[in-house]
$ cat query_18.txt   # compact mmCIF, C-alpha atoms
# COMPACT_ATOMS: atom_id res chain seq x y z
CA MET E 1 198.77 58.04 40.70
CA LEU E 2 194.99 58.06 41.15
CA SER E 3 193.38 55.08 39.42
CA GLU E 4 189.76 54.54 38.43
CA ALA E 5 188.10 51.17 37.96
CA PHE E 6 184.86 49.78 36.56
CA VAL E 7 182.97 46.48 36.54
CA THR E 8 181.35 44.87 33.49
CA SER E 9 179.18 41.82 33.01
CA ILE E 10 178.22 39.77 29.95
CA ARG E 11 175.26 37.61 29.03
CA ALA E 12 175.47 34.00 27.87
CA GLN E 13 178.59 32.11 26.82
CA PRO E 14 181.17 33.56 24.42
CA LYS E 15 180.04 33.40 20.81
CA SER E 16 183.34 32.11 19.48
CA ALA E 17 186.71 30.89 20.68
CA ASN E 18 188.91 33.69 21.91
CA THR E 19 192.18 32.90 23.64
CA ALA E 20 192.25 36.33 25.29
CA ILE E 21 189.01 35.66 27.21
CA ALA E 22 188.97 33.07 29.99
CA LYS E 23 186.36 30.34 29.78
CA ASP E 24 183.13 30.72 31.78
CA VAL E 25 184.02 34.24 32.93
CA GLY E 26 180.93 36.44 33.28
CA ILE E 27 182.05 39.47 35.33
CA TYR E 28 185.21 41.55 34.87
CA LEU E 29 186.92 44.13 37.08
CA HIS E 30 188.82 46.65 34.93
CA GLU E 31 191.32 49.36 35.73
CA LEU E 32 190.87 52.39 33.50
CA HIS E 33 193.87 54.57 34.39
CA PRO E 34 196.73 54.88 33.69
CA ASN E 35 196.33 52.01 31.19
CA HIS E 36 193.33 49.80 30.69
CA THR E 37 193.80 46.33 32.16
CA ILE E 38 191.50 43.56 33.39
CA LYS E 39 192.53 43.11 37.02
CA SER E 40 190.28 40.18 38.00
CA SER E 41 187.21 38.23 36.94
CA PHE E 42 184.39 36.08 38.31
CA LYS E 43 183.07 32.95 36.65
CA LYS E 44 179.68 31.34 36.07
CA SER E 45 177.47 34.34 35.49
CA SER E 46 175.13 35.35 32.67
CA THR E 47 173.62 38.71 33.54
CA PRO E 48 170.87 40.58 31.67
CA VAL E 49 170.79 44.35 31.20
CA ASN E 50 170.26 46.45 34.39
CA ALA E 51 170.82 43.39 36.60
CA LEU E 52 174.22 44.08 38.21
CA ALA E 53 174.85 45.86 41.52
CA VAL E 54 178.24 46.56 43.11
CA SER E 55 179.01 47.43 46.74
CA PRO E 56 182.45 48.00 48.33
CA THR E 57 182.50 44.35 49.47
CA HIS E 58 180.26 42.38 47.09
CA ILE E 59 178.96 42.06 43.54
CA PHE E 60 175.33 40.99 43.01
CA ALA E 61 174.43 39.54 39.61
CA ALA E 62 170.93 38.39 38.65
CA GLN E 63 171.03 35.43 36.28
CA ALA E 64 169.28 35.62 32.92
CA ASP E 65 165.85 33.93 32.82
CA LYS E 66 166.30 32.60 36.37
CA ALA E 67 165.03 33.40 39.87
CA VAL E 68 168.62 33.42 41.13
CA VAL E 69 171.16 36.05 42.20
CA HIS E 70 174.86 35.18 42.39
CA VAL E 71 176.77 36.95 45.16
CA TYR E 72 180.53 37.41 44.73
CA SER E 73 183.00 38.56 47.38
CA ARG E 74 185.28 41.28 46.03
CA GLU E 75 187.80 40.77 48.84
CA ARG E 76 188.14 37.00 48.46
CA GLY E 77 187.64 37.00 44.69
CA ASN E 78 185.17 34.11 44.58
CA GLN E 79 181.46 33.31 44.47
CA GLU E 80 180.16 33.55 48.02
CA SER E 81 176.60 32.30 47.64
CA LEU E 82 173.70 31.60 45.33
CA VAL E 83 170.42 33.15 46.48
CA SER E 84 167.05 31.99 45.15
CA PHE E 85 163.92 34.14 44.96
CA PRO E 86 160.27 33.25 44.31
CA GLU E 87 160.22 35.01 40.89
CA ARG E 88 162.63 35.59 38.03
CA VAL E 89 164.76 38.68 38.63
CA HIS E 90 164.99 41.24 35.81
CA SER E 91 166.74 44.19 37.47
CA LEU E 92 168.89 45.09 40.50
CA THR E 93 170.11 48.15 42.36
CA LEU E 94 171.57 48.91 45.77
CA VAL E 95 169.95 51.24 48.29
CA GLY E 96 173.02 52.41 50.17
CA ASP E 97 175.32 49.45 50.85
CA GLY E 98 173.02 47.27 52.93
CA VAL E 99 169.77 46.85 50.98
CA LEU E 100 169.47 45.19 47.58
CA ALA E 101 166.37 46.05 45.53
CA LEU E 102 165.18 43.53 42.94
CA GLY E 103 162.63 43.96 40.15
CA THR E 104 160.84 40.76 39.14
CA ALA E 105 159.22 39.37 36.01
CA GLU E 106 155.80 39.60 37.69
CA GLY E 107 156.08 43.34 38.33
CA ARG E 108 157.01 43.21 42.02
CA ILE E 109 159.75 44.96 44.00
CA ILE E 110 161.72 42.91 46.55
CA LEU E 111 164.00 44.49 49.15
CA TRP E 112 166.65 42.31 50.78
CA GLU E 113 168.64 43.52 53.79
CA VAL E 114 171.94 41.77 53.20
CA CYS E 115 173.15 42.13 56.84
CA THR E 116 169.98 40.74 58.46
CA GLY E 117 168.35 38.51 55.83
CA ARG E 118 165.07 40.41 56.10
CA GLN E 119 163.06 40.37 52.88
CA VAL E 120 160.21 42.73 51.98
CA SER E 121 158.05 42.24 48.89
CA THR E 122 155.50 44.62 47.40
CA PRO E 123 152.26 43.58 45.71
CA THR E 124 152.28 43.39 41.92
CA SER E 125 152.68 47.06 41.05
CA HIS E 126 153.62 46.87 37.37
CA LEU E 127 151.64 45.05 34.71
CA GLN E 128 154.82 43.65 33.14
CA ALA E 129 158.40 42.95 34.19
CA VAL E 130 160.39 45.58 36.09
CA SER E 131 163.06 46.43 33.54
CA CYS E 132 165.17 48.91 35.55
CA LEU E 133 165.65 50.36 39.02
CA ALA E 134 167.38 53.42 40.48
CA ALA E 135 167.66 54.44 44.13
CA SER E 136 168.74 57.13 46.56
CA GLN E 137 168.89 56.74 50.33
CA SER E 138 165.22 57.75 50.65
CA HIS E 139 163.57 56.85 47.33
CA LEU E 140 163.40 53.93 44.94
CA VAL E 141 162.30 54.41 41.32
CA SER E 142 161.16 51.46 39.20
CA GLY E 143 160.61 51.35 35.44
CA SER E 144 158.73 48.62 33.61
CA GLU E 145 158.04 47.19 30.21
CA ASP E 146 154.46 48.41 30.75
CA SER E 147 155.80 52.00 30.12
CA ASN E 148 155.09 53.18 33.70
CA ILE E 149 157.48 54.49 36.35
CA HIS E 150 156.75 54.18 40.07
CA VAL E 151 158.34 56.20 42.87
CA TRP E 152 158.61 54.46 46.27
CA SER E 153 159.53 55.60 49.76
CA VAL E 154 162.36 53.41 51.06
CA PRO E 155 161.59 54.09 54.78
CA ARG E 156 157.98 53.02 54.22
CA LEU E 157 158.98 49.84 52.41
CA LEU E 158 161.41 48.91 55.19
CA SER E 159 159.16 49.99 58.06
CA LEU E 160 158.43 47.35 60.70
CA SER E 161 154.99 48.84 61.33
CA TRP E 162 152.07 46.81 60.02
CA LYS E 163 150.22 50.08 59.33
CA GLU E 164 152.55 51.02 56.46
CA THR E 165 151.22 49.97 53.05
CA HIS E 166 153.61 48.87 50.30
CA GLU E 167 152.24 51.17 47.63
CA PRO E 168 154.13 53.63 45.40
CA LEU E 169 154.10 57.31 46.34
CA ARG E 170 153.30 58.33 42.76
CA SER E 171 153.40 57.08 39.19
CA LEU E 172 154.98 58.76 36.16
CA SER E 173 153.19 57.69 33.01
CA ASN E 174 154.10 59.90 30.05
CA HIS E 175 156.05 57.25 28.15
CA ARG E 176 154.27 55.12 25.56
CA ALA E 177 156.61 52.11 25.37
CA ALA E 178 158.90 50.03 27.58
CA ILE E 179 161.23 51.87 29.95
CA THR E 180 164.84 50.97 29.13
CA HIS E 181 166.83 52.84 31.78
CA LEU E 182 166.58 55.17 34.78
CA ALA E 183 169.18 57.55 36.24
CA LEU E 184 168.86 59.67 39.39
CA GLY E 185 170.57 63.01 39.90
CA HIS E 186 173.31 63.61 42.45
CA SER E 187 171.43 66.15 44.59
CA SER E 188 169.94 65.48 48.04
CA SER E 189 167.34 68.24 47.72
CA THR E 190 163.64 67.97 46.95
CA THR E 191 164.35 69.17 43.40
CA ASN E 192 166.53 66.18 42.52
CA ILE E 193 165.84 64.84 39.04
CA CYS E 194 165.21 61.45 37.51
CA VAL E 195 165.92 60.81 33.82
CA SER E 196 164.13 57.99 32.01
CA SER E 197 164.58 56.52 28.53
CA SER E 198 162.03 54.50 26.61
CA ARG E 199 161.55 52.54 23.42
CA ASP E 200 159.16 55.27 22.28
CA ASN E 201 162.37 57.17 21.30
CA THR E 202 162.10 59.73 24.09
CA VAL E 203 164.09 60.78 27.13
CA ILE E 204 162.14 62.52 29.90
CA VAL E 205 163.46 64.50 32.87
CA TRP E 206 161.30 64.41 36.03
CA ASN E 207 161.23 65.89 39.48
CA TYR E 208 160.43 62.56 41.11
CA HIS E 209 159.71 64.18 44.50
CA SER E 210 156.73 66.07 43.09
CA GLY E 211 155.97 64.00 39.99
CA ASP E 212 156.40 67.01 37.68
CA LEU E 213 157.57 66.47 34.11
CA LEU E 214 160.42 68.93 33.51
CA ARG E 215 161.42 68.25 29.90
CA THR E 216 160.83 65.79 27.05
CA PHE E 217 163.51 65.10 24.43
CA LEU E 218 162.58 63.48 21.11
CA LEU E 219 165.28 61.26 19.58
CA SER E 220 165.90 59.76 16.16
CA SER E 221 166.88 56.33 17.51
CA THR E 222 165.88 54.08 20.41
CA PRO E 223 167.71 54.95 23.66
CA LEU E 224 168.81 51.93 25.71
CA CYS E 225 170.99 53.37 28.51
CA LEU E 226 171.74 56.63 30.32
CA SER E 227 174.47 58.25 32.40
CA LEU E 228 174.13 61.66 34.06
CA ASP E 229 176.84 64.30 34.07
CA PRO E 230 178.44 64.63 37.56
CA CYS E 231 176.81 68.07 37.95
CA ASP E 232 173.44 67.03 36.45
CA ARG E 233 173.93 69.49 33.59
CA ALA E 234 173.47 66.90 30.85
CA VAL E 235 172.78 63.24 30.17
CA TYR E 236 174.68 60.82 27.93
CA VAL E 237 172.51 58.40 25.95
CA GLY E 238 173.45 55.08 24.36
CA PHE E 239 171.37 54.03 21.33
CA GLU E 240 170.25 50.80 19.73
CA ASP E 241 172.28 51.63 16.60
CA GLY E 242 175.51 51.69 18.67
CA SER E 243 175.98 55.46 18.76
CA VAL E 244 175.97 57.73 21.82
CA GLN E 245 174.86 61.31 22.27
CA LEU E 246 175.05 64.18 24.75
CA ILE E 247 171.81 65.96 25.66
CA GLU E 248 172.50 69.22 27.48
CA PHE E 249 169.93 70.59 29.92
CA ILE E 250 171.53 74.02 30.37
CA GLN E 251 172.27 76.27 27.40
CA PRO E 252 175.18 78.78 27.53
CA SER E 253 172.90 81.74 26.76
CA SER E 254 170.18 80.86 29.25
CA MET E 255 169.82 82.80 32.52
CA LEU E 256 167.46 80.19 34.00
CA ASN E 257 167.80 76.44 34.03
CA PRO E 258 165.40 75.40 31.24
CA LEU E 259 164.28 72.39 33.27
CA TYR E 260 162.54 74.73 35.69
CA ASP E 261 161.13 77.16 33.13
CA THR E 262 157.38 76.44 33.29
CA GLN E 263 156.86 77.87 29.81
CA LEU E 264 159.14 75.22 28.31
CA GLN E 265 158.13 72.15 30.32
CA ASN E 266 155.20 71.23 28.08
CA THR E 267 157.18 71.71 24.84
CA PRO E 268 159.10 68.62 23.60
CA VAL E 269 162.61 69.25 22.26
CA GLN E 270 163.72 67.54 19.06
CA ILE E 271 167.42 66.61 19.23
CA THR E 272 168.96 67.43 15.86
CA LEU E 273 172.67 67.28 16.65
CA PRO E 274 174.46 64.26 15.14
CA SER E 275 175.29 61.41 17.50
CA TRP E 276 178.80 60.08 18.11
CA THR E 277 179.65 56.95 16.13
CA ALA E 278 182.46 54.41 16.25
CA PRO E 279 184.59 53.80 13.12
CA SER E 280 183.55 50.13 13.02
CA GLU E 281 180.39 48.14 13.75
CA VAL E 282 180.02 47.69 17.53
CA GLY E 283 176.36 46.74 17.93
CA ALA E 284 173.74 48.23 20.22
CA ALA E 285 174.95 50.24 23.23
CA LEU E 286 173.53 48.20 26.12
CA CYS E 287 175.21 50.05 28.99
CA ILE E 288 177.09 53.27 29.56
CA GLY E 289 179.21 54.84 32.31
CA LEU E 290 180.95 58.13 32.96
CA SER E 291 184.28 58.64 34.71
CA TYR E 292 184.43 60.47 38.03
CA ASP E 293 185.52 63.78 36.48
CA GLY E 294 183.21 63.47 33.47
CA THR E 295 185.98 63.55 30.86
CA CYS E 296 185.74 59.92 29.76
CA LEU E 297 182.65 57.99 28.66
CA LEU E 298 182.56 54.19 28.38
CA SER E 299 179.95 52.10 26.59
CA GLY E 300 179.36 48.35 26.42
CA HIS E 301 177.93 46.89 23.21
CA SER E 302 176.07 43.82 22.01
CA SER E 303 179.13 42.79 19.98
CA GLY E 304 181.15 42.41 23.20
CA LYS E 305 183.20 45.55 22.64
CA ILE E 306 183.87 48.24 25.25
CA VAL E 307 184.35 51.65 23.66
CA GLN E 308 185.90 54.77 25.15
CA TRP E 309 184.61 58.21 24.09
CA ASP E 310 186.20 61.63 24.61
CA THR E 311 183.51 63.89 26.09
CA GLY E 312 185.53 67.05 25.40
CA ARG E 313 185.91 66.36 21.69
CA ARG E 314 182.57 64.50 21.56
CA SER E 315 184.00 61.70 19.50
CA PHE E 316 185.27 58.11 19.52
CA SER E 317 188.51 57.67 21.44
CA ALA E 318 189.47 53.98 21.57
CA GLU E 319 188.25 50.40 21.77
CA LEU E 320 189.28 49.14 25.19
CA ALA E 321 188.36 45.45 25.01
CA ASP E 322 186.33 42.78 23.27
CA LEU E 323 184.67 40.41 25.76
CA ASN E 324 183.29 38.20 23.00
CA ALA E 325 179.70 38.35 24.33
CA PRO E 326 177.11 41.14 24.83
CA VAL E 327 178.32 43.57 27.51
CA THR E 328 175.10 44.06 29.48
CA ASN E 329 176.23 46.13 32.46
CA LEU E 330 178.97 48.66 33.12
CA PHE E 331 179.41 50.02 36.64
CA MET E 332 181.91 52.80 37.38
CA LEU E 333 183.69 52.64 40.77
CA SER E 334 184.40 55.92 42.53
CA PRO E 335 188.09 56.60 43.22
CA PHE E 336 186.95 58.15 46.53
CA PRO E 337 184.69 55.56 48.19
CA ALA E 338 182.65 56.73 51.16
CA THR E 339 183.84 55.70 54.63
CA ARG E 340 181.41 53.37 56.41
CA LEU E 341 181.30 52.41 60.09
CA THR E 342 180.30 48.84 59.23
CA ARG E 343 180.83 46.46 56.34
CA PRO E 344 179.23 43.06 55.65
CA GLN E 345 181.82 40.30 55.61
CA THR E 346 179.28 37.79 54.30
CA VAL E 347 175.69 38.31 53.21
CA VAL E 348 172.81 36.81 55.19
CA LYS E 349 170.47 34.92 52.90
CA PRO E 350 166.80 35.98 52.88
CA LYS E 351 164.69 34.54 55.68
CA LEU E 352 160.98 34.25 55.02
CA GLY E 353 158.45 34.12 57.82
CA GLU E 354 160.78 35.30 60.59
CA SER E 355 160.14 38.30 62.83
CA ASN E 356 163.47 38.47 64.69
CA TYR E 357 166.63 39.44 62.84
CA THR E 358 170.27 39.84 63.81
CA PHE E 359 172.45 42.51 62.20
CA ILE E 360 175.76 40.89 61.22
CA ALA E 361 178.57 43.17 60.07
CA GLN E 362 182.13 44.13 60.87
CA LEU E 363 183.05 47.44 62.52
CA THR E 364 185.57 49.22 60.31
CA GLY E 365 186.87 51.82 62.78
CA SER E 366 186.51 53.56 66.09
CA MET E 367 183.19 55.11 67.02
CA GLY E 368 185.04 58.14 68.37
CA LYS E 369 186.61 58.86 71.74
CA SER E 370 184.73 61.99 72.79
CA THR E 371 181.12 62.16 73.93
CA PHE E 372 180.35 64.57 71.10
CA ASP E 373 181.75 62.20 68.44
CA HIS E 374 179.62 59.41 69.86
CA ALA E 375 176.55 61.67 69.92
CA VAL E 376 176.76 62.77 66.29
CA SER E 377 177.24 59.21 65.03
CA THR E 378 174.12 57.85 66.77
CA PRO E 379 170.43 58.67 66.26
CA GLY E 380 169.51 61.38 68.79
CA PHE E 381 171.67 62.79 71.60
CA PRO E 382 172.45 61.12 74.94
CA LEU E 383 170.39 62.47 77.86
CA GLU E 384 173.52 63.41 79.85
CA LEU E 385 174.83 65.54 76.99
CA LEU E 386 171.50 67.37 76.65
CA GLU E 387 171.33 68.08 80.41
CA ASP E 388 174.88 69.44 80.47
CA SER E 389 174.17 71.65 77.46
CA ILE E 390 170.95 73.05 78.94
CA SER E 391 172.56 73.75 82.31
CA SER E 392 175.46 75.57 80.65
CA LEU E 393 172.99 77.80 78.78
CA THR E 394 170.67 78.58 81.72
CA GLY E 395 173.26 78.86 84.49
CA PRO E 396 175.52 81.84 85.24
CA VAL E 397 178.53 82.24 83.02
CA VAL E 398 181.75 81.25 84.76
CA ALA E 399 184.57 83.64 84.04
CA SER E 400 187.92 82.29 83.05
CA SER E 401 190.90 82.50 85.33
CA SER E 402 192.17 85.42 83.27
CA GLY E 403 188.83 87.23 83.32
CA ASP E 404 188.16 90.66 84.68
CA ASP E 405 186.95 90.75 88.33
CA LYS E 406 184.82 93.77 87.55
CA LEU E 407 182.93 91.93 84.82
CA ARG E 408 182.43 88.96 87.14
CA LYS E 409 181.00 91.24 89.83
CA GLU E 410 178.64 92.94 87.37
CA ASN E 411 177.54 89.55 86.11
CA ASP E 412 176.79 88.37 89.66
CA GLU E 413 174.77 91.52 90.32
CA LEU E 414 172.74 91.00 87.15
CA TRP E 415 172.00 87.42 88.13
CA GLN E 416 170.89 88.66 91.58
CA ILE E 417 168.45 91.08 89.95
CA ILE E 418 167.16 88.33 87.64
CA ASN E 419 166.59 85.98 90.58
CA GLU E 420 164.76 88.73 92.50
CA GLN E 421 162.53 89.37 89.48
CA ARG E 422 161.79 85.66 89.20
CA GLU E 423 160.85 85.52 92.89
CA LEU E 424 158.58 88.57 92.51
CA GLN E 425 157.00 87.03 89.41
CA LYS E 426 156.31 83.82 91.36
CA LYS E 427 154.66 85.71 94.26
CA THR E 428 152.53 87.74 91.82
CA TRP E 429 151.40 84.58 90.03
CA ASP E 430 150.49 82.87 93.32
CA LYS E 431 148.42 85.88 94.40
CA TYR E 432 146.67 86.04 91.03
CA THR E 433 145.84 82.33 91.28
CA GLN E 434 144.31 82.78 94.77
CA LEU E 435 142.18 85.74 93.64
CA LYS E 436 140.98 83.87 90.56
CA SER E 437 139.92 80.89 92.68
CA GLY E 438 138.03 83.18 95.13
CA GLY E 439 140.41 82.65 98.04
CA ARG E 440 141.67 85.33 100.43

$ encode --input "query_18.txt" --output "structure tokens"
Amino acid sequence: MLSEAFVTSIRAQPKSANTAIAKDVGIYLHELHPNHTIKSSFKKSSTPVNALAVSPTHIFAAQADKAVVHVYSRERGNQESLVSFPERVHSLTLVGDGVLALGTAEGRIILWEVCTGRQVSTPTSHLQAVSCLAASQSHLVSGSEDSNIHVWSVPRLLSLSWKETHEPLRSLSNHRAAITHLALGHSSSTTNICVSSSRDNTVIVWNYHSGDLLRTFLLSSTPLCLSLDPCDRAVYVGFEDGSVQLIEFIQPSSMLNPLYDTQLQNTPVQITLPSWTAPSEVGAALCIGLSYDGTCLLSGHSSGKIVQWDTGRRSFSAELADLNAPVTNLFMLSPFPATRLTRPQTVVKPKLGESNYTFIAQLTGSMGKSTFDHAVSTPGFPLELLEDSISSLTGPVVASSSGDDKLRKENDELWQIINEQRELQKKTWDKYTQLKSGGR
């Protein structure tokens, strides 16, 4: 049976004695289906909100009020290393599997290549701490307590050229209070969306490629966390009062996606539908996650409780666990992880002031036996493959052993005519060149 898992983290030590919760445990790996169980855990971690990142091989956890990131090996089940940074780390996200992006208390962005140890730092771009980060393969989006959102080009930040400046591509500045969460859409097109929540009680949808504001939603409570529907049709919002709510972008009666209706983009939408509430007090919803198929919503609360919601019925479903401390991060693991050609066995700690780096990783499979398989898995095509392809296109077509002799003969005659025309064209061009130069 297909199983789905998720990772949670807590902040600070447990508030009271609880025999069901192991001492000093700060990160938990859960199995959601068929029955909820805690499969494993990692100790000695106190992680703030938006400060947990999970790769197929490692878990990265920034420590509250410290300039330290704990790195845990998922395969070995232990803490692999403790990595120090020059500034306190407030937020984390992964760019692919090999680059960890960190937002600092001083408003900087730090990129760490975990397989080489290379570290890139931007100038102070935000006036206050970077409260949240979200990334695709090509873009990094940072939100801050200064109410601004910056969009960065990942290739520019990681470029080895000294000519590239570490400045954001654009800034999104319609919020009027601290940014609490960011979520990127699942599209790879230039119309991919970014959804931001803020303590000004608004949720805004952006086209972060162009910087256009697509829609503003006005809320009755303060939104703290977001999770996008798998098809980017809606966003789930967790509130400070512990409730959650679904905000739909597409209405059943609409012929056009309202996000791209220019007549509606400047008109804020007041959300009047009631939010979903739990039957008991659970505290603020600090983190939220959606299952792979979108049928199950999970939320982590300041009381330590993890709540399951039924998205079809739009109501409370069950209380999965009580971790006895604020659940600050909840990361859903895909049941269909992407296949990678390499995987880092151990991370390489950041190296400052070095110009030469070594990529250290383990090959996970064959590169492919055929020349074509090798060509499509490497940047560019081998010269031999290009020459063979060009010659097969420009040369005469070779008939198969079962081909018609008549067609082969006609083909040879056509090629003879073409060659004669080429020779005539060459003689004509030579004569024209002599006449133009005044020769006889």

$ atom_distance --input "query_18.txt" --atom1 "CA of Asn35 in chain E" --atom2 "CA of Glu4 in chain E"
10.1 Å

$ residues_near_point --input "query_18.txt" --point "(155.8, 40.1, 36.4)" --cutoff "7 Å" --atoms "all atoms listed in the file" --output "PyMOL selection string"
chain E and resi 104-108+127-129

$ residues_around --input "query_18.txt" --residues "range 86-96 of chain E" --least-positions-apart "5" --cutoff "10 Å" --atoms "all atoms listed in the file" --output "count of residues only"
48

$ residues_around --input "query_18.txt" --residues "range 275-278 of chain E" --least-positions-apart "6" --cutoff "6 Å" --atoms "all atoms listed in the file" --output "list in words"
Ser243, Val244, Gln245, Ser315 and Phe316 of chain E

$ atom_distance --input "query_18.txt" --atom1 "CA of Thr190 in chain E" --atom2 "CA of Tyr260 in chain E"
13.2 Å

$ closest_residue --input "query_18.txt" --among "E:Thr191, E:Thr222, E:Asn201, E:Ser125" --to "Glu167 in chain E" --atoms "all atoms listed in the file"
E:Ser125

$ atom_distance --input "query_18.txt" --atom1 "CA of Val71 in chain E" --atom2 "CA of Asn356 in chain E"
23.7 Å

$ residues_around --input "query_18.txt" --residues "Ser3 in chain E" --least-positions-apart "2" --cutoff "8 Å" --atoms "all atoms listed in the file" --output "list in words"
Met1, Ala5, Glu31, Leu32, His33, Pro34 and Pro335 of chain E

$ write_last_selection --input "query_18.txt" --atoms "C-alpha atoms" --output "PDB file, in the coordinates of the input"
ATOM      1  CA  MET E   1     198.770  58.040  40.700  1.00  0.00           C
ATOM      2  CA  ALA E   5     188.100  51.170  37.960  1.00  0.00           C
ATOM      3  CA  GLU E  31     191.320  49.360  35.730  1.00  0.00           C
ATOM      4  CA  LEU E  32     190.870  52.390  33.500  1.00  0.00           C
ATOM      5  CA  HIS E  33     193.870  54.570  34.390  1.00  0.00           C
ATOM      6  CA  PRO E  34     196.730  54.880  33.690  1.00  0.00           C
ATOM      7  CA  PRO E 335     188.090  56.600  43.220  1.00  0.00           C
TER       8      PRO E 335
END

$ closest_residue --input "query_18.txt" --among "E:Val195, E:Val347, E:Leu424, E:Leu385" --to "Thr116 in chain E" --atoms "only C-alpha atoms"
E:Val347

$ closest_residue --input "query_18.txt" --among "E:Thr346, E:Ser73, E:Ser159, E:Asn78" --to "Lys43 in chain E" --atoms "only C-alpha atoms"
E:Asn78

$ residues_around --input "query_18.txt" --residues "Val205 in chain E" --least-positions-apart "3" --cutoff "8 Å" --atoms "all atoms listed in the file" --output "tab-separated table (two decimals) with C-alpha atoms, keeping the file's coordinate frame"
chain	number	residue	atom	x	y	z
E	193	ILE	CA	165.84	64.84	39.04
E	194	CYS	CA	165.21	61.45	37.51
E	195	VAL	CA	165.92	60.81	33.82
E	196	SER	CA	164.13	57.99	32.01
E	213	LEU	CA	157.57	66.47	34.11
E	214	LEU	CA	160.42	68.93	33.51
E	215	ARG	CA	161.42	68.25	29.90
E	216	THR	CA	160.83	65.79	27.05
E	259	LEU	CA	164.28	72.39	33.27

$ residues_around --input "query_18.txt" --residues "Ile271 in chain E" --least-positions-apart "2" --cutoff "12 Å" --atoms "only C-alpha atoms" --output "PyMOL selection string"
chain E and resi 201-203+216-221+237+245-249+268-269+273-275

$ closest_residue --input "query_18.txt" --among "E:Phe381, E:Phe6, E:Tyr72, E:Phe42" --to "Gln345 in chain E" --atoms "all atoms listed in the file"
E:Tyr72

$ closest_residue --input "query_18.txt" --among "E:Lys39, E:Lys409, E:Arg76, E:Arg170" --to "Ile27 in chain E" --atoms "all atoms listed in the file"
E:Lys39

$ closest_residue --input "query_18.txt" --among "E:Leu393, E:Leu82, E:Val7, E:Leu330" --to "Pro56 in chain E" --atoms "all atoms listed in the file"
E:Val7

$ decode --input "query_18.txt" --residues "range 263-273 of chain E" --atoms "N, CA, C and O atoms" --output "tab-separated table (two decimals), in the first residue's frame"
chain	number	residue	atom	x	y	z
E	263	GLN	N	-9.47	43.31	-15.05
E	263	GLN	CA	-10.48	44.16	-14.43
E	263	GLN	C	-10.67	43.85	-12.95
E	263	GLN	O	-11.21	44.67	-12.21
E	264	LEU	N	-10.21	42.67	-12.52
E	264	LEU	CA	-10.39	42.27	-11.12
E	264	LEU	C	-9.11	42.41	-10.30
E	264	LEU	O	-9.16	42.35	-9.06
E	265	GLN	N	-7.96	42.58	-10.94
E	265	GLN	CA	-6.69	42.53	-10.24
E	265	GLN	C	-6.52	43.65	-9.22
E	265	GLN	O	-5.83	43.49	-8.22
E	266	ASN	N	-7.13	44.78	-9.48
E	266	ASN	CA	-6.99	45.92	-8.56
E	266	ASN	C	-8.09	45.98	-7.51
E	266	ASN	O	-8.15	46.93	-6.72
E	267	THR	N	-8.98	44.98	-7.50
E	267	THR	CA	-10.11	44.97	-6.56
E	267	THR	C	-9.87	43.93	-5.48
E	267	THR	O	-9.91	42.72	-5.76
E	268	PRO	N	-9.63	44.33	-4.23
E	268	PRO	CA	-9.45	43.35	-3.15
E	268	PRO	C	-10.73	42.54	-2.91
E	268	PRO	O	-11.85	43.04	-3.11
E	269	VAL	N	-10.55	41.30	-2.49
E	269	VAL	CA	-11.68	40.39	-2.24
E	269	VAL	C	-11.77	40.14	-0.74
E	269	VAL	O	-10.81	39.67	-0.12
E	270	GLN	N	-12.90	40.43	-0.16
E	270	GLN	CA	-13.14	40.16	1.26
E	270	GLN	C	-13.63	38.72	1.42
E	270	GLN	O	-14.65	38.34	0.83
E	271	ILE	N	-12.91	37.91	2.19
E	271	ILE	CA	-13.31	36.52	2.42
E	271	ILE	C	-14.34	36.50	3.54
E	271	ILE	O	-14.05	36.87	4.69
E	272	THR	N	-15.54	36.04	3.21
E	272	THR	CA	-16.64	36.04	4.18
E	272	THR	C	-17.03	34.64	4.64
E	272	THR	O	-17.77	34.51	5.61
E	273	LEU	N	-16.54	33.61	3.95
E	273	LEU	CA	-16.88	32.26	4.35
E	273	LEU	C	-16.28	31.94	5.72
E	273	LEU	O	-15.17	32.38	6.04
